[in-house]
>>> print(open('query20.cif').read())   # mmCIF, C-alpha atoms
data_entry
#
loop_
_atom_site.group_PDB
_atom_site.id
_atom_site.type_symbol
_atom_site.label_atom_id
_atom_site.label_comp_id
_atom_site.auth_asym_id
_atom_site.auth_seq_id
_atom_site.Cartn_x
_atom_site.Cartn_y
_atom_site.Cartn_z
ATOM 1 C CA MET A 30 -6.439 -60.534 4.865
ATOM 2 C CA LYS A 31 -10.070 -61.478 4.339
ATOM 3 C CA ALA A 32 -11.295 -64.742 5.832
ATOM 4 C CA GLY A 33 -11.559 -67.639 3.424
ATOM 5 C CA ARG A 34 -9.298 -66.008 0.798
ATOM 6 C CA PRO A 35 -6.154 -68.066 0.114
ATOM 7 C CA ALA A 36 -2.784 -66.357 0.352
ATOM 8 C CA PHE A 37 -0.736 -66.777 -2.821
ATOM 9 C CA PRO A 38 3.038 -66.385 -3.004
ATOM 10 C CA GLU A 39 4.384 -63.182 -4.503
ATOM 11 C CA TRP A 40 5.589 -64.883 -7.697
ATOM 12 C CA VAL A 41 2.135 -66.396 -8.304
ATOM 13 C CA ARG A 42 0.405 -63.036 -8.022
ATOM 14 C CA ARG A 43 2.927 -61.481 -10.387
ATOM 15 C CA LEU A 44 2.822 -64.365 -12.860
ATOM 16 C CA PRO A 45 0.555 -62.555 -15.391
ATOM 17 C CA GLU A 46 2.960 -59.605 -15.348
ATOM 18 C CA TYR A 47 5.929 -61.875 -15.939
ATOM 19 C CA LEU A 48 4.149 -63.655 -18.784
ATOM 20 C CA MET A 49 3.212 -60.392 -20.523
ATOM 21 C CA ILE A 50 6.786 -59.112 -20.370
ATOM 22 C CA TRP A 51 9.053 -62.117 -20.673
ATOM 23 C CA VAL A 52 7.194 -64.352 -23.147
ATOM 24 C CA PRO A 53 7.246 -61.809 -26.027
ATOM 25 C CA LEU A 54 10.795 -60.806 -25.081
ATOM 26 C CA LEU A 55 12.068 -64.384 -25.097
ATOM 27 C CA LEU A 56 10.255 -65.175 -28.350
ATOM 28 C CA SER A 57 11.791 -62.117 -30.019
ATOM 29 C CA ALA A 58 15.243 -63.017 -28.704
ATOM 30 C CA ALA A 59 14.878 -66.611 -29.893
ATOM 31 C CA HIS A 60 13.764 -65.404 -33.327
ATOM 32 C CA LEU A 61 16.683 -62.990 -33.582
ATOM 33 C CA VAL A 62 19.314 -65.469 -32.422
ATOM 34 C CA SER A 63 18.029 -68.407 -34.477
ATOM 35 C CA PHE A 64 17.827 -66.478 -37.741
ATOM 36 C CA SER A 65 21.209 -64.858 -37.121
ATOM 37 C CA LEU A 66 22.781 -68.285 -36.649
ATOM 38 C CA TRP A 67 20.963 -69.579 -39.721
ATOM 39 C CA THR A 68 22.290 -66.656 -41.792
ATOM 40 C CA ILE A 69 25.823 -67.261 -40.538
ATOM 41 C CA TRP A 70 25.562 -70.931 -41.482
ATOM 42 C CA ILE A 71 24.196 -70.107 -44.959
ATOM 43 C CA SER A 72 27.123 -67.738 -45.534
ATOM 44 C CA PHE A 73 29.509 -70.717 -45.448
ATOM 45 C CA THR A 74 27.526 -72.802 -47.953
ATOM 46 C CA PRO A 75 27.289 -72.714 -51.767
ATOM 47 C CA SER A 76 23.570 -71.784 -51.562
ATOM 48 C CA THR A 77 22.124 -69.944 -54.533
ATOM 49 C CA LEU A 78 18.361 -69.916 -55.146
ATOM 50 C CA VAL A 79 17.606 -72.181 -52.171
ATOM 51 C CA PRO A 80 19.672 -73.196 -49.132
ATOM 52 C CA VAL A 81 21.866 -76.248 -49.683
ATOM 53 C CA THR A 82 24.324 -78.137 -47.542
ATOM 54 C CA GLY A 83 28.039 -78.013 -48.171
ATOM 55 C CA TRP A 84 31.010 -76.026 -47.017
ATOM 56 C CA VAL A 85 32.879 -73.396 -49.002
ATOM 57 C CA GLY A 86 34.732 -71.726 -46.142
ATOM 58 C CA LEU A 87 35.308 -68.014 -46.653
ATOM 59 C CA ARG A 88 34.717 -68.080 -50.400
ATOM 60 C CA ASN A 89 31.471 -66.088 -50.169
ATOM 61 C CA TYR A 90 33.114 -63.487 -47.957
ATOM 62 C CA SER A 91 36.047 -63.154 -50.360
ATOM 63 C CA ALA A 92 33.687 -62.743 -53.302
ATOM 64 C CA VAL A 93 31.655 -60.073 -51.517
ATOM 65 C CA GLY A 94 34.730 -58.181 -50.324
ATOM 66 C CA ALA A 95 36.244 -58.180 -53.816
ATOM 67 C CA SER A 96 33.067 -57.006 -55.565
ATOM 68 C CA ARG A 97 32.868 -53.429 -56.778
ATOM 69 C CA ASN A 98 29.334 -53.068 -55.425
ATOM 70 C CA TRP A 99 30.473 -53.815 -51.879
ATOM 71 C CA GLN A 100 33.473 -51.499 -52.076
ATOM 72 C CA ILE A 101 31.289 -48.634 -53.318
ATOM 73 C CA ALA A 102 28.725 -49.458 -50.620
ATOM 74 C CA LEU A 103 31.372 -49.194 -47.900
ATOM 75 C CA ASP A 104 32.661 -45.895 -49.291
ATOM 76 C CA ASN A 105 29.105 -44.543 -49.412
ATOM 77 C CA LEU A 106 28.415 -45.830 -45.900
ATOM 78 C CA LEU A 107 31.449 -43.972 -44.574
ATOM 79 C CA LEU A 108 30.436 -40.722 -46.295
ATOM 80 C CA PHE A 109 26.737 -41.075 -45.516
ATOM 81 C CA GLY A 110 27.288 -42.219 -41.931
ATOM 82 C CA ILE A 111 29.647 -39.413 -40.939
ATOM 83 C CA SER A 112 27.700 -36.677 -42.725
ATOM 84 C CA PHE A 113 24.313 -37.844 -41.519
ATOM 85 C CA VAL A 114 25.323 -38.399 -37.891
ATOM 86 C CA VAL A 115 27.193 -35.101 -37.533
ATOM 87 C CA LEU A 116 24.628 -32.944 -39.354
ATOM 88 C CA SER A 117 21.537 -34.541 -37.807
ATOM 89 C CA ALA A 118 23.004 -34.272 -34.295
ATOM 90 C CA ALA A 119 24.035 -30.651 -34.910
ATOM 91 C CA THR A 120 20.609 -29.799 -36.327
ATOM 92 C CA GLY A 121 18.851 -31.471 -33.424
ATOM 93 C CA LEU A 122 21.067 -29.646 -30.917
ATOM 94 C CA VAL A 123 20.398 -26.251 -32.501
ATOM 95 C CA LEU A 124 16.642 -26.886 -32.563
ATOM 96 C CA ALA A 125 16.717 -28.041 -28.939
ATOM 97 C CA ILE A 126 18.616 -24.916 -27.838
ATOM 98 C CA LEU A 127 16.113 -22.697 -29.644
ATOM 99 C CA LEU A 128 13.136 -24.478 -28.092
ATOM 100 C CA ASP A 129 14.764 -24.350 -24.679
ATOM 101 C CA GLN A 130 14.412 -20.565 -24.714
ATOM 102 C CA ARG A 131 10.719 -20.999 -23.777
ATOM 103 C CA ILE A 132 9.629 -19.345 -26.998
ATOM 104 C CA ARG A 133 5.977 -18.796 -27.828
ATOM 105 C CA GLY A 134 4.408 -21.683 -29.713
ATOM 106 C CA GLU A 135 6.974 -24.161 -28.416
ATOM 107 C CA ASN A 136 4.491 -27.049 -28.319
ATOM 108 C CA VAL A 137 3.487 -26.467 -31.939
ATOM 109 C CA LEU A 138 7.098 -26.205 -33.133
ATOM 110 C CA ARG A 139 8.095 -29.301 -31.189
ATOM 111 C CA SER A 140 5.284 -31.249 -32.855
ATOM 112 C CA VAL A 141 6.314 -29.956 -36.281
ATOM 113 C CA PHE A 142 9.938 -30.991 -35.790
ATOM 114 C CA LEU A 143 8.913 -34.410 -34.457
ATOM 115 C CA TYR A 144 6.363 -35.076 -37.197
ATOM 116 C CA PRO A 145 8.849 -36.619 -39.682
ATOM 117 C CA LEU A 146 9.379 -39.461 -37.208
ATOM 118 C CA ALA A 147 5.769 -40.495 -37.783
ATOM 119 C CA VAL A 148 6.382 -40.874 -41.531
ATOM 120 C CA SER A 149 7.790 -44.125 -42.853
ATOM 121 C CA PHE A 150 11.139 -44.065 -44.630
ATOM 122 C CA VAL A 151 9.472 -45.281 -47.820
ATOM 123 C CA VAL A 152 7.165 -42.258 -47.827
ATOM 124 C CA THR A 153 10.080 -39.957 -47.035
ATOM 125 C CA GLY A 154 12.140 -41.380 -49.890
ATOM 126 C CA THR A 155 9.249 -41.175 -52.337
ATOM 127 C CA VAL A 156 8.376 -37.559 -51.496
ATOM 128 C CA TRP A 157 11.996 -36.431 -51.651
ATOM 129 C CA SER A 158 12.433 -38.223 -54.971
ATOM 130 C CA TRP A 159 9.591 -36.087 -56.332
ATOM 131 C CA LEU A 160 11.048 -32.882 -54.892
ATOM 132 C CA LEU A 161 14.531 -33.564 -56.247
ATOM 133 C CA ASN A 162 13.479 -34.918 -59.628
ATOM 134 C CA PRO A 163 14.644 -32.315 -62.217
ATOM 135 C CA GLY A 164 11.535 -32.861 -64.320
ATOM 136 C CA LEU A 165 9.009 -32.710 -61.472
ATOM 137 C CA GLY A 166 10.321 -30.944 -58.412
ATOM 138 C CA ILE A 167 12.303 -27.903 -57.350
ATOM 139 C CA GLN A 168 14.209 -27.411 -60.612
ATOM 140 C CA LYS A 169 11.023 -27.486 -62.700
ATOM 141 C CA LEU A 170 9.284 -25.094 -60.292
ATOM 142 C CA VAL A 171 12.105 -22.554 -60.538
ATOM 143 C CA HIS A 172 12.215 -22.941 -64.344
ATOM 144 C CA ASP A 173 8.449 -22.301 -64.519
ATOM 145 C CA LEU A 174 9.011 -19.101 -62.535
ATOM 146 C CA GLY A 175 11.339 -17.899 -65.314
ATOM 147 C CA TRP A 176 14.796 -18.724 -63.973
ATOM 148 C CA THR A 177 15.709 -21.176 -66.700
ATOM 149 C CA SER A 178 19.438 -21.219 -65.891
ATOM 150 C CA PHE A 179 18.791 -22.691 -62.439
ATOM 151 C CA LYS A 180 20.113 -26.239 -62.070
ATOM 152 C CA PHE A 181 19.391 -28.638 -59.224
ATOM 153 C CA ASP A 182 19.868 -32.159 -60.540
ATOM 154 C CA TRP A 183 21.548 -33.892 -57.595
ATOM 155 C CA LEU A 184 19.280 -36.907 -57.982
ATOM 156 C CA ILE A 185 20.812 -37.809 -61.358
ATOM 157 C CA ASP A 186 24.353 -36.602 -60.617
ATOM 158 C CA ARG A 187 26.634 -39.512 -59.683
ATOM 159 C CA ASP A 188 28.758 -37.298 -57.433
ATOM 160 C CA MET A 189 25.901 -35.539 -55.648
ATOM 161 C CA ALA A 190 23.222 -38.240 -55.439
ATOM 162 C CA ILE A 191 24.497 -39.547 -52.097
ATOM 163 C CA TRP A 192 23.842 -36.118 -50.596
ATOM 164 C CA THR A 193 20.158 -36.390 -51.454
ATOM 165 C CA ILE A 194 20.030 -39.369 -49.083
ATOM 166 C CA VAL A 195 21.863 -37.356 -46.428
ATOM 167 C CA VAL A 196 19.379 -34.482 -46.734
ATOM 168 C CA ALA A 197 16.330 -36.759 -46.583
ATOM 169 C CA ALA A 198 17.735 -38.701 -43.621
ATOM 170 C CA ILE A 199 18.483 -35.493 -41.705
ATOM 171 C CA TRP A 200 14.928 -34.274 -42.313
ATOM 172 C CA GLN A 201 13.620 -37.605 -41.032
ATOM 173 C CA SER A 202 15.789 -38.007 -37.928
ATOM 174 C CA SER A 203 16.855 -34.583 -36.646
ATOM 175 C CA GLY A 204 13.610 -34.339 -34.647
ATOM 176 C CA PHE A 205 14.627 -37.433 -32.725
ATOM 177 C CA ALA A 206 17.974 -35.884 -31.823
ATOM 178 C CA MET A 207 16.175 -32.665 -30.885
ATOM 179 C CA ALA A 208 13.884 -34.515 -28.468
ATOM 180 C CA LEU A 209 16.803 -36.177 -26.667
ATOM 181 C CA PHE A 210 18.856 -32.990 -26.485
ATOM 182 C CA LEU A 211 15.856 -30.990 -25.276
ATOM 183 C CA ALA A 212 15.272 -33.497 -22.493
ATOM 184 C CA GLY A 213 18.943 -33.168 -21.540
ATOM 185 C CA LEU A 214 18.781 -29.366 -21.557
ATOM 186 C CA ARG A 215 15.711 -29.384 -19.343
ATOM 187 C CA SER A 216 17.459 -31.698 -16.862
ATOM 188 C CA VAL A 217 20.484 -29.428 -16.264
ATOM 189 C CA ASP A 218 20.575 -28.276 -12.646
ATOM 190 C CA ALA A 219 19.037 -24.794 -12.504
ATOM 191 C CA ASP A 220 21.128 -23.868 -9.455
ATOM 192 C CA ILE A 221 24.333 -24.337 -11.440
ATOM 193 C CA ILE A 222 23.019 -22.096 -14.211
ATOM 194 C CA LYS A 223 21.984 -19.413 -11.710
ATOM 195 C CA ALA A 224 25.391 -19.581 -10.049
ATOM 196 C CA ALA A 225 27.091 -19.128 -13.421
ATOM 197 C CA GLN A 226 24.870 -16.153 -14.204
ATOM 198 C CA ILE A 227 25.711 -14.567 -10.850
ATOM 199 C CA ASP A 228 29.417 -15.031 -11.650
ATOM 200 C CA GLY A 229 28.855 -13.076 -14.865
ATOM 201 C CA ALA A 230 28.967 -15.917 -17.402
ATOM 202 C CA GLY A 231 27.365 -14.955 -20.695
ATOM 203 C CA PRO A 232 25.124 -17.298 -22.743
ATOM 204 C CA ILE A 233 27.922 -18.508 -25.040
ATOM 205 C CA ARG A 234 30.314 -19.231 -22.179
ATOM 206 C CA MET A 235 27.550 -20.885 -20.174
ATOM 207 C CA TYR A 236 26.691 -23.261 -23.002
ATOM 208 C CA ARG A 237 30.333 -23.964 -23.775
ATOM 209 C CA ARG A 238 31.505 -24.534 -20.198
ATOM 210 C CA ILE A 239 28.428 -25.858 -18.350
ATOM 211 C CA ILE A 240 25.463 -26.933 -20.438
ATOM 212 C CA LEU A 241 27.035 -28.664 -23.443
ATOM 213 C CA PRO A 242 29.505 -30.743 -21.383
ATOM 214 C CA SER A 243 26.566 -32.043 -19.335
ATOM 215 C CA LEU A 244 24.973 -33.304 -22.568
ATOM 216 C CA TRP A 245 27.911 -35.584 -23.350
ATOM 217 C CA PRO A 246 26.123 -38.870 -22.405
ATOM 218 C CA ILE A 247 23.076 -37.888 -24.498
ATOM 219 C CA THR A 248 25.346 -36.948 -27.389
ATOM 220 C CA ILE A 249 26.936 -40.405 -27.348
ATOM 221 C CA THR A 250 23.485 -42.013 -27.300
ATOM 222 C CA VAL A 251 22.328 -39.914 -30.255
ATOM 223 C CA VAL A 252 25.481 -40.721 -32.245
ATOM 224 C CA VAL A 253 25.203 -44.468 -31.632
ATOM 225 C CA ILE A 254 21.498 -44.644 -32.503
ATOM 226 C CA GLN A 255 22.002 -42.582 -35.654
ATOM 227 C CA LEU A 256 24.984 -44.724 -36.650
ATOM 228 C CA GLN A 257 22.867 -47.840 -36.230
ATOM 229 C CA PHE A 258 20.266 -46.287 -38.535
ATOM 230 C CA ALA A 259 22.903 -45.301 -41.099
ATOM 231 C CA ILE A 260 24.404 -48.795 -41.218
ATOM 232 C CA SER A 261 21.037 -50.511 -41.681
ATOM 233 C CA THR A 262 19.483 -47.956 -44.054
ATOM 234 C CA PHE A 263 17.583 -49.670 -46.850
ATOM 235 C CA ASP A 264 14.034 -48.459 -47.493
ATOM 236 C CA LEU A 265 14.968 -44.759 -47.678
ATOM 237 C CA VAL A 266 17.607 -45.395 -50.351
ATOM 238 C CA ARG A 267 15.417 -47.924 -52.147
ATOM 239 C CA ALA A 268 12.594 -45.397 -52.484
ATOM 240 C CA LEU A 269 14.751 -42.332 -53.160
ATOM 241 C CA THR A 270 17.500 -43.446 -55.549
ATOM 242 C CA ASN A 271 17.263 -47.259 -55.736
ATOM 243 C CA GLY A 272 21.047 -47.248 -55.486
ATOM 244 C CA GLY A 273 21.435 -45.095 -58.574
ATOM 245 C CA PRO A 274 22.340 -43.458 -60.775
ATOM 246 C CA GLY A 275 24.017 -46.709 -61.689
ATOM 247 C CA ILE A 276 25.396 -47.945 -58.371
ATOM 248 C CA ALA A 277 26.522 -44.518 -57.142
ATOM 249 C CA THR A 278 24.379 -44.637 -53.981
ATOM 250 C CA GLN A 279 24.703 -48.301 -53.081
ATOM 251 C CA LEU A 280 24.723 -49.075 -49.369
ATOM 252 C CA PRO A 281 25.422 -52.449 -47.683
ATOM 253 C CA ALA A 282 21.736 -53.249 -47.149
ATOM 254 C CA LEU A 283 21.063 -52.782 -50.880
ATOM 255 C CA VAL A 284 23.956 -55.104 -51.702
ATOM 256 C CA VAL A 285 22.415 -57.785 -49.475
ATOM 257 C CA TYR A 286 19.045 -57.317 -51.189
ATOM 258 C CA ASP A 287 20.600 -57.428 -54.640
ATOM 259 C CA LEU A 288 22.563 -60.611 -53.966
ATOM 260 C CA MET A 289 19.751 -62.486 -52.245
ATOM 261 C CA PHE A 290 16.628 -61.455 -54.133
ATOM 262 C CA GLN A 291 17.772 -60.238 -57.528
ATOM 263 C CA ARG A 292 20.792 -62.404 -58.308
ATOM 264 C CA SER A 293 19.653 -65.444 -56.272
ATOM 265 C CA LEU A 294 23.074 -65.742 -54.618
ATOM 266 C CA LEU A 295 21.859 -66.693 -51.170
ATOM 267 C CA GLY A 296 25.272 -67.632 -49.780
ATOM 268 C CA ARG A 297 26.919 -64.384 -50.865
ATOM 269 C CA GLY A 298 23.950 -62.353 -49.666
ATOM 270 C CA ALA A 299 24.179 -64.039 -46.277
ATOM 271 C CA ALA A 300 27.897 -63.252 -46.145
ATOM 272 C CA ALA A 301 27.164 -59.591 -46.876
ATOM 273 C CA ALA A 302 24.506 -59.618 -44.145
ATOM 274 C CA VAL A 303 26.986 -61.081 -41.661
ATOM 275 C CA LEU A 304 29.494 -58.374 -42.572
ATOM 276 C CA MET A 305 26.762 -55.793 -41.907
ATOM 277 C CA LEU A 306 26.160 -57.434 -38.544
ATOM 278 C CA LEU A 307 29.853 -57.157 -37.699
ATOM 279 C CA ILE A 308 29.810 -53.458 -38.573
ATOM 280 C CA LEU A 309 26.799 -52.983 -36.296
ATOM 281 C CA LEU A 310 28.487 -54.881 -33.473
ATOM 282 C CA ALA A 311 31.572 -52.712 -33.871
ATOM 283 C CA VAL A 312 29.328 -49.755 -32.985
ATOM 284 C CA LEU A 313 26.975 -51.330 -30.433
ATOM 285 C CA LEU A 314 29.386 -53.401 -28.331
ATOM 286 C CA PRO A 315 31.641 -50.474 -27.307
ATOM 287 C CA TYR A 316 28.509 -48.471 -26.516
ATOM 288 C CA ALA A 317 27.124 -51.302 -24.370
ATOM 289 C CA ALA A 318 30.460 -51.615 -22.564
ATOM 290 C CA TRP A 319 30.540 -47.862 -21.959
ATOM 291 C CA ARG A 320 26.999 -47.936 -20.544
ATOM 292 C CA TYR A 321 27.896 -50.862 -18.292
ATOM 293 C CA VAL A 322 31.019 -49.166 -16.928
ATOM 294 C CA ARG A 323 29.152 -45.916 -16.419
ATOM 295 C CA ARG A 324 26.348 -47.697 -14.555
ATOM 296 C CA ARG A 325 28.830 -49.523 -12.327
ATOM 297 C CA ARG A 326 30.626 -46.291 -11.482
ATOM 298 C CA SER A 327 27.378 -44.508 -10.642
ATOM 299 C CA SER A 328 26.243 -47.394 -8.415
ATOM 300 C CA HIS A 329 29.533 -47.304 -6.468
ATOM 301 C CA ALA A 330 29.633 -43.542 -6.197
#
>>> encode(input="query20.cif", output="structure tokens")
Amino acid sequence: MKAGRPAFPEWVRRLPEYLMIWVPLLLSAAHLVSFSLWTIWISFTPSTLVPVTGWVGLRNYSAVGASRNWQIALDNLLLFGISFVVLSAATGLVLAILLDQRIRGENVLRSVFLYPLAVSFVVTGTVWSWLLNPGLGIQKLVHDLGWTSFKFDWLIDRDMAIWTIVVAAIWQSSGFAMALFLAGLRSVDADIIKAAQIDGAGPIRMYRRIILPSLWPITITVVVIQLQFAISTFDLVRALTNGGPGIATQLPALVVYDLMFQRSLLGRGAAAAVLMLLILLAVLLPYAAWRYVRRRRSSHA
């Protein structure tokens, strides 16, 4: 230590680091918790255009649960969530396996597959709405080429419109799943793979018995993150279908928006938001518990 230079305690020297990390984190946590509690309180009041005091118990929740919009939104969420999570994870896994073969141009392909993540969901929804619009996009292009019997009008078909959201969401998010799976594939112990090859295991058996089972923790992470996205999806649907045709592609986030900002039913909108929060917690809490148990087991191993 240099002469004349005071010695500061460790916590004093690391104070700027603590301030840079913990102050924004605590402010964000306080913002999240306070507004969540405020929303929960509003959901038990008769608030309409502006918040008001009063107590109506579970009346707002009963009204939301009995509404046709909410029932359709839950049905669409189930269909969209399962289809999107399964197909995006499968697409990402296939892309990761292909890139893991050390093919030529891997860096370029990886950038291409990851590029959709850099595009906002509003832009994605807008572009796909152009592509799928029968009067502007793919159907018109094929008709102009002379195949006038071709029909691709999913965007205005009540039964198929939800699949346009699935397709756009897969295009947007499969690169994310690919990145996680590729990292998992690159982390598999090479000695185990060499031992399996020496024992005569072919590529299919090696993936089925060794490589894919080792990706199980990453698979769970991908599923949970994609489920969280599916539950909270708003801007993609708003830009692509706006919940239409009619209310055929309503999702819970659009119901919250409709109640709060279009019908001025603040109490019911808050109740719908709380129900969305409960759905999210039903996905995130088991995942957090699983991560905690897994971490404890690894620390005691």
>>> atom_distance(input="query20.cif", atom1="CA of Ile191 (chain A)", atom2="CA of Asn105 (chain A)")
7.3 Å
>>> residues_near_point(input="query20.cif", point="(17.0, -40.9, -28.1)", cutoff="10 Å", atoms="only C-alpha atoms", output="list in words")
Gly204, Phe205, Ala206, Met207, Ala208, Leu209, Phe210, Ala212, Ile247, Thr248, Ile249, Thr250, Val251, Val252, Val253, Ile254 and Gln255 of chain A
>>> resolve_selection(input="query20.cif", expression="the PyMOL selection byres ((chain A and resi 161) around 12)", output="PyMOL selection string")
chain A and resi 154-160+162-170+180-186+189-190+192-194+196-197+269-270
>>> atom_distance(input="query20.cif", atom1="CA of Ala102 (chain A)", atom2="CA of Ile308 (chain A)")
12.7 Å
>>> residues_around(input="query20.cif", residues="Trp99 (chain A)", least_positions_apart="6", cutoff="12 Å", atoms="all atoms listed in the file", output="compact mmCIF listing (two decimals) with C-alpha atoms, keeping the file's coordinate frame")
# COMPACT_ATOMS: atom_id res chain seq x y z
CA TYR A 90 33.11 -63.49 -47.96
CA SER A 91 36.05 -63.15 -50.36
CA ALA A 92 33.69 -62.74 -53.30
CA VAL A 93 31.66 -60.07 -51.52
CA ASN A 105 29.10 -44.54 -49.41
CA LEU A 106 28.42 -45.83 -45.90
CA ILE A 276 25.40 -47.94 -58.37
CA ALA A 277 26.52 -44.52 -57.14
CA THR A 278 24.38 -44.64 -53.98
CA GLN A 279 24.70 -48.30 -53.08
CA LEU A 280 24.72 -49.08 -49.37
CA PRO A 281 25.42 -52.45 -47.68
CA ALA A 282 21.74 -53.25 -47.15
CA LEU A 283 21.06 -52.78 -50.88
CA VAL A 284 23.96 -55.10 -51.70
CA VAL A 285 22.42 -57.78 -49.48
CA TYR A 286 19.05 -57.32 -51.19
CA ASP A 287 20.60 -57.43 -54.64
CA LEU A 288 22.56 -60.61 -53.97
CA ARG A 297 26.92 -64.38 -50.86
CA GLY A 298 23.95 -62.35 -49.67
CA ALA A 300 27.90 -63.25 -46.14
CA ALA A 301 27.16 -59.59 -46.88
CA ALA A 302 24.51 -59.62 -44.14
CA LEU A 304 29.49 -58.37 -42.57
CA MET A 305 26.76 -55.79 -41.91
>>> residues_around(input="query20.cif", residues="Ile260 (chain A)", least_positions_apart="2", cutoff="7 Å", atoms="only C-alpha atoms", output="list in words")
Leu106, Leu256, Gln257, Phe258, Thr262 and Leu309 of chain A
>>> atom_distance(input="query20.cif", atom1="CA of Leu108 (chain A)", atom2="CA of Arg320 (chain A)")
27.0 Å
>>> closest_residue(input="query20.cif", among="A:Ala225, A:Leu211, A:Leu66, A:Met235", to="Gln130 (chain A)", atoms="only C-alpha atoms")
A:Leu211
>>> closest_residue(input="query20.cif", among="A:Ile221, A:Ile71, A:Val171, A:Leu78", to="Ser293 (chain A)", atoms="only C-alpha atoms")
A:Leu78
>>> residues_near_point(input="query20.cif", point="(22.7, -21.7, -28.6)", cutoff="9 Å", atoms="all atoms listed in the file", output="compact mmCIF listing (two decimals) with C-alpha atoms, keeping the file's coordinate frame")
# COMPACT_ATOMS: atom_id res chain seq x y z
CA LEU A 122 21.07 -29.65 -30.92
CA VAL A 123 20.40 -26.25 -32.50
CA LEU A 124 16.64 -26.89 -32.56
CA ALA A 125 16.72 -28.04 -28.94
CA ILE A 126 18.62 -24.92 -27.84
CA LEU A 127 16.11 -22.70 -29.64
CA PRO A 232 25.12 -17.30 -22.74
CA ILE A 233 27.92 -18.51 -25.04
CA TYR A 236 26.69 -23.26 -23.00
>>> residues_around(input="query20.cif", residues="Thr74 (chain A)", least_positions_apart="5", cutoff="9 Å", atoms="only C-alpha atoms", output="PyMOL selection string")
chain A and resi 80-86+88-89+295-297
>>> axis_aligned_box(input="query20.cif", around="region 241-252 of chain A", padding_each_side="3 Å", output="JSON")
{"center_x": 25.9, "center_y": -35.3, "center_z": -25.8, "size_x": 13.2, "size_y": 19.3, "size_z": 18.9}
>>> residues_around(input="query20.cif", residues="Lys223 (chain A)", least_positions_apart="6", cutoff="12 Å", atoms="only C-alpha atoms", output="PyMOL selection string")
chain A and resi 217+229-232+235+239
>>> closest_residue(input="query20.cif", among="A:Val303, A:Trp67, A:Asp188, A:Val52", to="Gly275 (chain A)", atoms="only C-alpha atoms")
A:Asp188
>>> resolve_selection(input="query20.cif", expression="the PyMOL selection byres ((chain A and resi 113) around 8)", output="ChimeraX atom specification")
/A:109-112,114-117,195-196,198-199,255,259
>>> residues_around(input="query20.cif", residues="Ser65 (chain A)", least_positions_apart="3", cutoff="10 Å", atoms="only C-alpha atoms", output="PyMOL selection string")
chain A and resi 59-62+68-71+299+302-303+306
>>> write_last_selection(input="query20.cif", atoms="C-alpha atoms", output="PDB file, in the coordinates of the input")
ATOM      1  CA  ALA A  59      14.878 -66.611 -29.893  1.00  0.00           C
ATOM      2  CA  HIS A  60      13.764 -65.404 -33.327  1.00  0.00           C
ATOM      3  CA  LEU A  61      16.683 -62.990 -33.582  1.00  0.00           C
ATOM      4  CA  VAL A  62      19.314 -65.469 -32.422  1.00  0.00           C
ATOM      5  CA  THR A  68      22.290 -66.656 -41.792  1.00  0.00           C
ATOM      6  CA  ILE A  69      25.823 -67.261 -40.538  1.00  0.00           C
ATOM      7  CA  TRP A  70      25.562 -70.931 -41.482  1.00  0.00           C
ATOM      8  CA  ILE A  71      24.196 -70.107 -44.959  1.00  0.00           C
ATOM      9  CA  ALA A 299      24.179 -64.039 -46.277  1.00  0.00           C
ATOM     10  CA  ALA A 302      24.506 -59.618 -44.145  1.00  0.00           C
ATOM     11  CA  VAL A 303      26.986 -61.081 -41.661  1.00  0.00           C
ATOM     12  CA  LEU A 306      26.160 -57.434 -38.544  1.00  0.00           C
TER      13      LEU A 306
END
>>> resolve_selection(input="query20.cif", expression="the PyMOL selection byres ((chain A and resi 142) around 9)", output="list in words")
Leu124, Val137, Leu138, Arg139, Ser140, Val141, Leu143, Tyr144, Pro145, Leu146, Trp200, Ser203, Gly204, Phe205 and Met207 of chain A
>>> write_last_selection(input="query20.cif", atoms="C-alpha atoms", output="PDB file, in the frame of the given file")
ATOM      1  CA  LEU A 124      16.642 -26.886 -32.563  1.00  0.00           C
ATOM      2  CA  VAL A 137       3.487 -26.467 -31.939  1.00  0.00           C
ATOM      3  CA  LEU A 138       7.098 -26.205 -33.133  1.00  0.00           C
ATOM      4  CA  ARG A 139       8.095 -29.301 -31.189  1.00  0.00           C
ATOM      5  CA  SER A 140       5.284 -31.249 -32.855  1.00  0.00           C
ATOM      6  CA  VAL A 141       6.314 -29.956 -36.281  1.00  0.00           C
ATOM      7  CA  LEU A 143       8.913 -34.410 -34.457  1.00  0.00           C
ATOM      8  CA  TYR A 144       6.363 -35.076 -37.197  1.00  0.00           C
ATOM      9  CA  PRO A 145       8.849 -36.619 -39.682  1.00  0.00           C
ATOM     10  CA  LEU A 146       9.379 -39.461 -37.208  1.00  0.00           C
ATOM     11  CA  TRP A 200      14.928 -34.274 -42.313  1.00  0.00           C
ATOM     12  CA  SER A 203      16.855 -34.583 -36.646  1.00  0.00           C
ATOM     13  CA  GLY A 204      13.610 -34.339 -34.647  1.00  0.00           C
ATOM     14  CA  PHE A 205      14.627 -37.433 -32.725  1.00  0.00           C
ATOM     15  CA  MET A 207      16.175 -32.665 -30.885  1.00  0.00           C
TER      16      MET A 207
END
>>> closest_residue(input="query20.cif", among="A:Arg237, A:Arg323, A:Gln201, A:Met49", to="Ser149 (chain A)", atoms="all atoms listed in the file")
A:Gln201
>>> closest_residue(input="query20.cif", among="A:Asp129, A:Asp104, A:Glu39, A:Asp264", to="Gly213 (chain A)", atoms="only C-alpha atoms")
A:Asp129
